[in-house]
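Read through the structure below, which is laid out as structure tokens, and then see the notes.
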Amino acid sequence: MSKHQLVIVSNRLPVSVRREAGKLVFEPSSGGLATAMTSIGDSKNRVWVGWPGIASDDLTSEEKDQIVEELKVHGCAPVFLTKSQVEQYYDGYANDVLWPLFHYFQDTSSYKDEYWRVYQEVQLEFARVTSEHAEQESTIWVHDYHLMLLPHLLRQSYPNASIGFFLHIPFPSFEIFRSLPQRKTLLAGLLGADLIGFHIYDYARHFASSCERLLGLEPHDEMMEYQGRMIKFDTFPIGIDYKKFYEATSHPAARQAERTMRHSNKGKKILISVDRLDYSKGIPQRLEGFQRFLEDYPEYHGKVCLQMVAVPSRTEVETYQALRDDVEKTVSRINGMYGTAEWTPISYRFKNLPFDEIVGLYMAGDVALVTPVRDGMNLVAKEYVATKHDGRGVLILSEMAGAIDELSEAIAVNPNDTTSISKAILQALTMTKREQKDRLQIMHRRLSSYTVKAWTKDFMKELDAAGRYSRQYRRQMDDGEIAELLEEYDKASRRLLIFDYDGTLRDYVSSPRAFMAMPSLRLRRMIKRLVANSHNQVAVVSGRSRQALSAWFFDKRITLVAEHGAWIRKDGKWEHRANDFHKVKKELTPILKQYTARTSGSAIEEKDSSTVWHYRNVVPELAYNRAKELTRDILSILKTDSIGVFTGNKILEVRPKSIDKGKAVTELVEKHKPDFILCAGDDYTDEDMFGTLKENDNAHTIKVGSGDTKAKHQLGGVARMLHLLSEISAR
């Protein structure tokens with residue numbers, strides 16, 4: 001298979017395949033996304049991966065080969081899916097779970113284990129086909145909710161590729177997204193990308209909030225760290241092929257469609273409504289709003305007509321069948337209530353109209369009603385505006401459509417408020433020609449400057465920058481550096497191995513209680529092997545209490561440093577460093593108890609030489625504010641400069657400034673005089689160790705996780721640290 005510098009991946013290809021009279025027919029798509037993709041990259045170095053639209057069950061091996069060869073001519077590569085896979089992955093998980101949930105119809109989502117199993121299976125198949133066409137340095141752009149796991153799968157095989165993801169539908173609020181059983185897995189899937197794009201800021205904000213609440217990440221300035229990588233998320237409101245719609249208004253077929261529409265509605269103001277028949281589009285509410293208009297303003301009877309086009313969508317799904325029945329009954333009811341022999345208020349068509357006929361309908365429409373109850377962007381609104389060159393026409397647009405941010409000159413309505421829709425129709429029908437022209441001109445300028453091609457170039461530019469930044473940011477140990485470390489370990493005769501505990505040898509847990517953070521059997525065995533080697537001296541240097549460390553590491557040959565150095569166990573005996581923490585401890589307790597009582601999820605951990613306020617389980621926004629308030633209140637009662645307030649990983653710690661891990665490490669180095677040092681830690685307290693060892697040529701310092709550090713190396717997380725420890729202990 002040939003490799004490409006740019007790989008586009010989406011559920012469907014821009015070329016569809018179907019069978020007609022026993023033969024395969026190939027139909028190029030003229031959709032906006034297909035147009036956008038032609039504007040980037042050399043076509044010889046670009047390939048589009050996706051499903052061709054025909055089930056593999058219906059194809060012979062010869063026909064599959066024919067499809068591969070024909071699509072290659074169009075710059076495409078097919079992912080073959082069975083009927084069952086399409087049913088479970090596309091109709092099932094993508095459109096029966098994600099689509100309704102992301103559009104705030106969570107009660108409509110149908111959670112089935114089989115849907116999720118096949119969704120994962122299909123992602124793997126997309127990853128496999130993509131890998132046949134991508135290089136290690138390729139740019140890969142994945143599209144939409146059908147493929148939310150794909151960025152992570154591709155990142156595993158292509159660590160240095162620039163991977164982008166764009167979501168073409170809304171990203172829901174955390175309260176909605178949290179109801180999804182596979183929520184964390186989907187977020188982790190998206191976070192394989194270097195750049196994640198959304199239509200509007202609200203969607204990006206909801207995504208960041210979910211990452212913060214579910215994965216414990218800390219978004220800042222549209223960036224977040226994840227597994228040693230820096231990921232950017234940003235907004236890119238997709239445009240339309242403005243030139244295509246602008247020029248289409250001069251097509252003879254479009255002009256004829258406009259004339260026909262105006263002639264058949266002579267003397268009437270034409271309201272238009274064009275949508276896929278989908279529950280997110282707010283069609284029933286729109287009809288109720290139009291009925292309310294007819295009730296409120298009877299003087300317009302016989303003077304207006306609503307031309308409604310509902311494009312068939314997922315007609316085999318019961319929910320959509322029920323929606324169609326509801327819409328058609330409502331149309332019949334309104335026409336029956338208000339219609340006369342000379343006037344039918346609503347003209348309804350359930351069909352997909354040809355392009356020129358749609359353009360003609362836009363041109364004829366005096367008012368466009370675009371009122372979805374939830375929509376990622378909504379391009380119908382933009383297409384309507386693009387055809388209004390004569391300066392006449394009014395757009396009524398839902399506040400719940402992403403397009404409202406760009407088309408603020410439209411009349412904004414709450415799609416669930418029938419009175420709002422009724423008043424908006426009246427405002428549109430009575431708007432002066434001057435005002436119509438002024439509003440349209442502003443929207444025209446915006447749409448003509450940020451077209452779908454401009455959107456594509458903008459995203460690709462940001463993806464290139466995000467990919468380069470992510471690669472520069474990474475300081476993760478590669479295979480060569482690990483091999484070099486192991487080689488030096490083998491050569492050394494006096495080795496000092498120093499480990500922090502939480503976040504280094506053990507993932508953080510939800511509670512500070514020791515029994516929840518006990519070392520695993522695997523870790524115990526590795527430590528035991530390391531200690532058994534006569535060339536090794538092992539030390540665990542932690543903020544944990546001496547009681548916890550003694551219970552976990554009872555082998556007296558292990559040096560234990562508790563409470564960041566306040567206690568040291570040498571040869572099985574604990575020694576205490578004198579400090580004056582006891583003088584302030586009694587004053588701290590009432591304040592900490594007060595904050596804990598009114599901050600759900602927080603907890604106090606009291607140790608001999610420090611007190612810690614834990615807020616890992618507190619809502620992030622609340623935790624941030626409470627931590628600031630608590631710091632201020634503690635500092636107000638401290639009467640000595642020898643005690644400090646320190647912020648760690650979801651903790652606030654009050655302890656003597658004279659105690660730090662660096663001093664403990666200095667003593668260990670002086671005592672053992674090692675010719676090889678391995679020191680690993682993950683948070684701010686471990687930076688003291690790294691700083692102490694910075695000038696030591698025998699020291700290999702490792703920060704577990706990402707972020708700025710004095711350590712020479714970094715490892716992506718606890719799992720990678722334990723893997724390295726396993727390799728060392730096996731030698």
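Letters A, B, ... mark the chains of the structure tokens in the order given; residue numbers begin at 1 per chain; ligand numbers begin at 1, in order shown.
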
Residue set, stretch 220-358 of chain A restricted to strand (DSSP E or B), as a PDB file with C-alpha atoms, in the first residue's frame:
```
ATOM      1  CA  HIS A 220      -5.631  26.028  30.794  1.00  0.00           C
ATOM      2  CA  MET A 223      -4.451  23.338  26.383  1.00  0.00           C
ATOM      3  CA  MET A 224      -4.184  20.315  28.654  1.00  0.00           C
ATOM      4  CA  GLU A 225      -1.535  17.747  29.509  1.00  0.00           C
ATOM      5  CA  TYR A 226      -2.315  14.070  29.107  1.00  0.00           C
ATOM      6  CA  ARG A 229       1.661  15.148  25.789  1.00  0.00           C
ATOM      7  CA  MET A 230       0.234  18.629  25.399  1.00  0.00           C
ATOM      8  CA  ILE A 231      -3.158  18.688  23.659  1.00  0.00           C
ATOM      9  CA  LYS A 232      -4.865  21.753  22.228  1.00  0.00           C
ATOM     10  CA  PHE A 233      -8.627  22.166  21.918  1.00  0.00           C
ATOM     11  CA  ASP A 234     -10.148  25.090  20.074  1.00  0.00           C
ATOM     12  CA  THR A 235     -13.114  26.371  18.068  1.00  0.00           C
ATOM     13  CA  LYS A 269     -45.063  35.998   1.726  1.00  0.00           C
ATOM     14  CA  ILE A 270     -43.104  32.768   1.535  1.00  0.00           C
ATOM     15  CA  LEU A 271     -41.670  31.232   4.683  1.00  0.00           C
ATOM     16  CA  ILE A 272     -39.301  28.316   4.100  1.00  0.00           C
ATOM     17  CA  SER A 273     -38.180  25.435   6.302  1.00  0.00           C
ATOM     18  CA  VAL A 274     -35.528  22.944   5.096  1.00  0.00           C
ATOM     19  CA  ASP A 275     -34.192  20.204   7.385  1.00  0.00           C
ATOM     20  CA  ARG A 276     -33.337  16.573   7.719  1.00  0.00           C
ATOM     21  CA  VAL A 304     -48.402  33.768   4.075  1.00  0.00           C
ATOM     22  CA  CYS A 305     -47.391  30.236   3.183  1.00  0.00           C
ATOM     23  CA  LEU A 306     -44.898  27.939   4.918  1.00  0.00           C
ATOM     24  CA  GLN A 307     -42.964  25.832   2.398  1.00  0.00           C
ATOM     25  CA  MET A 308     -41.611  22.928   4.439  1.00  0.00           C
ATOM     26  CA  VAL A 309     -39.112  20.390   3.098  1.00  0.00           C
ATOM     27  CA  ALA A 310     -38.224  17.445   5.343  1.00  0.00           C
ATOM     28  CA  VAL A 311     -35.361  15.364   3.989  1.00  0.00           C
ATOM     29  CA  ILE A 346     -48.384  24.758   4.909  1.00  0.00           C
ATOM     30  CA  SER A 347     -46.978  22.995   1.852  1.00  0.00           C
ATOM     31  CA  TYR A 348     -45.128  19.896   3.089  1.00  0.00           C
ATOM     32  CA  ARG A 349     -42.734  17.705   1.117  1.00  0.00           C
TER      33      ARG A 349
END
```

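Excluding A:Pro512 itself and same-chain residues fewer than 2 positions from it, the residues having an atom within 8 Å of it are Val509, Ser510, Ala514, Met516, Ala517, Ala603, Glu605 and His614 of chain A, counting only C-alpha atoms.
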
Put those residues in a file: C-alpha atoms, as a PDB file, in the first residue's frame.
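Okay, this is what ended up in part_32.pdb:
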```
ATOM      1  CA  VAL A 509      -6.576   7.099  45.092  1.00  0.00           C
ATOM      2  CA  SER A 510      -9.744   8.944  46.020  1.00  0.00           C
ATOM      3  CA  ALA A 514      -3.682   4.242  53.898  1.00  0.00           C
ATOM      4  CA  MET A 516      -6.863   2.332  49.956  1.00  0.00           C
ATOM      5  CA  ALA A 517      -3.339   3.004  48.684  1.00  0.00           C
ATOM      6  CA  ALA A 603     -10.836  15.350  53.835  1.00  0.00           C
ATOM      7  CA  GLU A 605      -5.070  14.079  56.977  1.00  0.00           C
ATOM      8  CA  HIS A 614      -7.327  16.749  50.352  1.00  0.00           C
TER       9      HIS A 614
END
```

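Excluding A:Lys607 itself and any same-chain residue fewer than 2 positions from it, the protein and nucleic acid residues within 9 Å of it, counting only C-alpha atoms, are Arg544, Ser545, Arg546, Glu563, Glu605, Ser609, Ser610, Thr611 and Val612 of chain A.
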
Shell of 7 Å around stretch 660-670 of chain A, only C-alpha atoms, local chain residues under 2 positions omitted, as a compact mmCIF listing (two decimals) with N, CA, C and O atoms, in the first residue's frame:
```
# COMPACT_ATOMS: atom_id res chain seq x y z
N VAL A 541 10.85 7.57 49.70
CA VAL A 541 10.81 8.92 50.29
C VAL A 541 9.44 9.51 49.96
O VAL A 541 9.15 9.84 48.81
N HIS A 564 7.89 13.72 54.15
CA HIS A 564 8.85 14.53 53.38
C HIS A 564 10.21 14.69 54.05
O HIS A 564 11.00 15.53 53.64
N GLY A 565 10.48 13.90 55.07
CA GLY A 565 11.78 14.00 55.74
C GLY A 565 11.69 14.26 57.22
O GLY A 565 12.71 14.33 57.91
N SER A 658 11.51 23.91 56.85
CA SER A 658 12.85 23.31 57.03
C SER A 658 12.89 21.85 56.60
O SER A 658 13.97 21.27 56.47
N HIS A 672 25.78 6.48 51.52
CA HIS A 672 26.01 5.29 50.70
C HIS A 672 27.04 5.49 49.58
O HIS A 672 27.53 4.51 49.02
N LYS A 673 27.34 6.75 49.25
CA LYS A 673 28.31 7.07 48.20
C LYS A 673 28.13 6.18 46.96
O LYS A 673 29.03 5.44 46.55
N PRO A 674 26.95 6.24 46.34
CA PRO A 674 26.63 5.36 45.22
C PRO A 674 27.33 5.77 43.92
O PRO A 674 27.67 6.95 43.73
N THR A 685 6.95 18.25 45.63
CA THR A 685 7.86 17.89 46.73
C THR A 685 9.07 17.12 46.22
O THR A 685 10.13 17.13 46.85
N ASP A 686 8.91 16.43 45.10
CA ASP A 686 10.01 15.64 44.54
C ASP A 686 11.01 16.51 43.78
O ASP A 686 12.13 16.07 43.50
N ASP A 688 12.54 18.91 44.98
CA ASP A 688 13.66 19.12 45.90
C ASP A 688 14.70 18.01 45.74
O ASP A 688 15.92 18.25 45.81
N MET A 689 14.25 16.79 45.54
CA MET A 689 15.17 15.66 45.30
C MET A 689 15.91 15.87 43.98
O MET A 689 17.13 15.71 43.90
N THR A 692 18.53 18.58 44.20
CA THR A 692 19.71 18.14 44.95
C THR A 692 20.64 17.28 44.10
O THR A 692 21.87 17.36 44.22
```

(request) With a distance cut-off of 7 Å and only C-alpha atoms, select the neighbouring residues of stretch 415-423 of chain A, excluding the residue or stretch itself and same-chain residues fewer than 3 positions from it, and output the selection as an MDAnalysis selection string. (result) chainID A and resid 282 285 288:290 292:293 371:373 398 426:427

Residue subset to file, keeping N, CA and C atoms, as a CSV table (one decimal), in the first residue's frame:
```
chain,number,residue,atom,x,y,z
A,282,GLY,N,-36.1,20.4,15.8
A,282,GLY,CA,-37.2,21.3,16.3
A,282,GLY,C,-38.4,21.5,15.4
A,285,GLN,N,-41.9,21.8,17.2
A,285,GLN,CA,-42.0,23.1,17.8
A,285,GLN,C,-42.2,24.3,16.8
A,288,GLU,N,-45.7,24.4,15.7
A,288,GLU,CA,-46.5,25.0,16.8
A,288,GLU,C,-46.4,26.5,16.8
A,289,GLY,N,-45.1,26.9,16.6
A,289,GLY,CA,-44.9,28.4,16.5
A,289,GLY,C,-45.6,29.0,15.4
A,290,PHE,N,-45.6,28.4,14.2
A,290,PHE,CA,-46.3,28.9,13.1
A,290,PHE,C,-47.8,28.9,13.3
A,292,ARG,N,-49.2,29.3,16.2
A,292,ARG,CA,-49.4,30.4,17.2
A,292,ARG,C,-49.4,31.7,16.4
A,293,PHE,N,-48.6,31.9,15.4
A,293,PHE,CA,-48.6,33.1,14.6
A,293,PHE,C,-49.9,33.3,13.9
A,371,THR,N,-34.9,26.6,13.2
A,371,THR,CA,-35.1,26.6,14.6
A,371,THR,C,-34.9,25.3,15.3
A,372,PRO,N,-33.7,24.7,15.2
A,372,PRO,CA,-33.4,23.4,15.8
A,372,PRO,C,-33.4,23.6,17.3
A,373,VAL,N,-33.7,22.6,18.0
A,373,VAL,CA,-33.6,22.6,19.5
A,373,VAL,C,-32.2,22.4,20.0
A,398,SER,N,-32.4,29.8,15.6
A,398,SER,CA,-32.5,29.3,16.9
A,398,SER,C,-31.3,29.7,17.7
A,426,LEU,N,-43.6,37.8,12.8
A,426,LEU,CA,-44.2,39.1,12.6
A,426,LEU,C,-43.1,40.1,12.4
A,427,GLN,N,-42.0,40.1,13.1
A,427,GLN,CA,-40.9,41.0,13.0
A,427,GLN,C,-40.3,40.9,11.6
```

Please identify all polymer residues within 12 Å of A:Thr260, counting only C-alpha atoms, omitting same-chain residues fewer than 3 positions from it, and present them as a compact mmCIF listing (two decimals) with N, CA, C and O atoms, in the first residue's frame.
```txt
# COMPACT_ATOMS: atom_id res chain seq x y z
N ALA A 253 -31.82 26.44 -13.91
CA ALA A 253 -32.71 25.56 -13.16
C ALA A 253 -33.11 26.18 -11.83
O ALA A 253 -34.25 26.04 -11.38
N ALA A 254 -32.17 26.85 -11.17
CA ALA A 254 -32.46 27.49 -9.90
C ALA A 254 -33.42 28.66 -10.09
O ALA A 254 -34.38 28.85 -9.32
N ARG A 255 -33.18 29.46 -11.13
CA ARG A 255 -34.06 30.60 -11.41
C ARG A 255 -35.48 30.13 -11.75
O ARG A 255 -36.46 30.75 -11.35
N GLN A 256 -35.55 29.03 -12.49
CA GLN A 256 -36.87 28.50 -12.84
C GLN A 256 -37.60 28.01 -11.60
O GLN A 256 -38.81 28.22 -11.45
N ALA A 257 -36.85 27.35 -10.68
CA ALA A 257 -37.46 26.87 -9.44
C ALA A 257 -37.97 28.05 -8.61
O ALA A 257 -39.05 27.97 -8.00
N HIS A 263 -44.67 32.05 -8.40
CA HIS A 263 -45.93 32.05 -9.17
C HIS A 263 -47.02 31.29 -8.43
O HIS A 263 -48.18 31.74 -8.37
N SER A 264 -46.63 30.14 -7.84
CA SER A 264 -47.64 29.32 -7.16
C SER A 264 -48.06 29.94 -5.82
O SER A 264 -49.07 29.52 -5.25
N ASN A 265 -47.29 30.92 -5.34
CA ASN A 265 -47.63 31.59 -4.09
C ASN A 265 -47.78 33.10 -4.31
O ASN A 265 -47.42 33.91 -3.44
N LYS A 266 -48.31 33.44 -5.48
CA LYS A 266 -48.44 34.85 -5.86
C LYS A 266 -49.27 35.62 -4.83
O LYS A 266 -50.33 35.16 -4.40
N GLU A 357 -33.00 23.07 -7.13
CA GLU A 357 -34.34 23.31 -6.60
C GLU A 357 -34.27 23.87 -5.17
O GLU A 357 -35.07 24.72 -4.79
N GLY A 360 -33.29 27.46 -5.54
CA GLY A 360 -34.47 28.22 -5.96
C GLY A 360 -35.41 28.49 -4.80
O GLY A 360 -36.00 29.58 -4.69
N LEU A 361 -35.57 27.51 -3.91
CA LEU A 361 -36.42 27.68 -2.74
C LEU A 361 -35.84 28.73 -1.81
O LEU A 361 -36.57 29.59 -1.29
N MET A 363 -33.93 31.22 -2.70
CA MET A 363 -34.08 32.51 -3.37
C MET A 363 -35.50 33.06 -3.23
O MET A 363 -35.70 34.27 -3.08
N ALA A 364 -36.47 32.16 -3.27
CA ALA A 364 -37.87 32.59 -3.20
C ALA A 364 -38.30 32.91 -1.77
O ALA A 364 -39.26 33.67 -1.57
```

(request) Using only C-alpha atoms, determine which residues lie at most 9 Å from A:Asp641, disregarding the query and same-chain residues fewer than 2 positions distant; provide the list as number ranges by chain. (result) A: 638-639, 643-644, 656-657

Output N, CA and C atoms for every residue in the selection just made, as a CSV table (one decimal), in the first residue's frame.
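Final file, selection.csv:
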```csv
chain,number,residue,atom,x,y,z
A,638,LEU,N,-0.9,32.2,60.8
A,638,LEU,CA,0.5,31.8,61.1
A,638,LEU,C,1.3,32.9,61.6
A,639,LYS,N,1.9,32.7,62.7
A,639,LYS,CA,2.7,33.7,63.4
A,639,LYS,C,4.2,33.5,63.3
A,643,ILE,N,6.8,28.1,59.0
A,643,ILE,CA,5.7,27.2,58.5
A,643,ILE,C,5.2,27.7,57.2
A,644,GLY,N,5.1,26.8,56.2
A,644,GLY,CA,4.6,27.2,54.9
A,644,GLY,C,3.3,26.4,54.5
A,656,PRO,N,6.5,22.5,58.1
A,656,PRO,CA,7.7,23.3,58.3
A,656,PRO,C,8.4,23.5,57.0
A,657,LYS,N,8.9,24.6,56.7
A,657,LYS,CA,9.7,24.9,55.5
A,657,LYS,C,11.1,24.2,55.6
```

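Going from atom CA of A:Leu287 over to atom CA of A:Ala322, you cover 16.0 Å.
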
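For the atom pair formed by atom CA of A:Leu496 and atom CA of A:Ile677, the distance is 4.8 Å, given to one decimal.
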
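Minimum distance to A:Leu505 across A:His723, A:Glu383, A:Asp571, A:Arg446 (counting only C-alpha atoms) occurs at A:His723.
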
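Using only C-alpha atoms, the smallest distance between any of A:Phe581, A:Tyr384, A:Phe350, A:Phe174 and A:Val327 comes from A:Phe350.
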
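Considering the residues A:Leu294, A:Ala532, A:Phe355, A:Lys570 and counting only C-alpha atoms, A:Ile334 has its shortest atom-to-atom contact with A:Leu294.
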
(request) Looking only at alpha helix (DSSP H) from DSSP on the backbone, list the matching residues of stretch 237-366 of chain A as a ChimeraX atom specification. (result) /A:242-248,252-264,283-296,318-338,355-364

(message) What's the separation between atom CA of A:Val331 and atom CA of A:Asp278, in Å to one decimal place?
(response) 16.1 Å

Kindly assemble as a Markdown table a list of the stretch 64-140 of chain A residues that lie within 12 Å of stretch 458-463 of chain A, each paired with its nearest atom pair and their distance in Å to one decimal, using only C-alpha atoms, sorted first by chain and then by ascending residue number.
```
| residue | atom | partner | partner_atom | distance |
| --- | --- | --- | --- | --- |
| A:Ser138 | CA | A:Leu463 | CA | 11.7 |
| A:Thr139 | CA | A:Leu463 | CA | 8.4 |
| A:Ile140 | CA | A:Leu463 | CA | 9.5 |
```

Saved selection, atoms kept: all heavy atoms, as a CSV table (one decimal), in the first residue's frame:
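Written output follows (out39.csv):
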```csv
chain,number,residue,atom,x,y,z
A,138,SER,N,3.1,11.4,9.2
A,138,SER,CA,1.9,11.8,8.5
A,138,SER,C,1.1,12.8,9.3
A,138,SER,O,1.2,12.8,10.6
A,138,SER,CB,1.0,10.6,8.1
A,138,SER,OG,1.6,9.9,7.0
A,139,THR,N,0.2,13.6,8.6
A,139,THR,CA,-0.8,14.3,9.3
A,139,THR,C,-2.1,13.5,9.1
A,139,THR,O,-2.5,13.2,8.0
A,139,THR,CB,-1.0,15.7,8.7
A,139,THR,OG1,0.2,16.5,8.9
A,139,THR,CG2,-2.1,16.5,9.3
A,140,ILE,N,-2.8,13.3,10.2
A,140,ILE,CA,-4.1,12.5,10.1
A,140,ILE,C,-5.2,13.3,10.7
A,140,ILE,O,-5.1,13.7,11.9
A,140,ILE,CB,-3.9,11.1,10.9
A,140,ILE,CG1,-2.7,10.4,10.4
A,140,ILE,CG2,-5.2,10.3,10.7
A,140,ILE,CD1,-2.3,9.1,11.2
```

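Minimum atom-to-atom distances from A:Gln156, A:Thr599, A:Asn625, A:Gln476 to A:Lys712 were compared using only C-alpha atoms, and the lowest value belongs to A:Gln476.
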
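Among the candidates A:Gly189, A:Phe236, A:Ser2, A:Ser209, the one nearest to A:Glu135 when counting only C-alpha atoms is A:Ser2.
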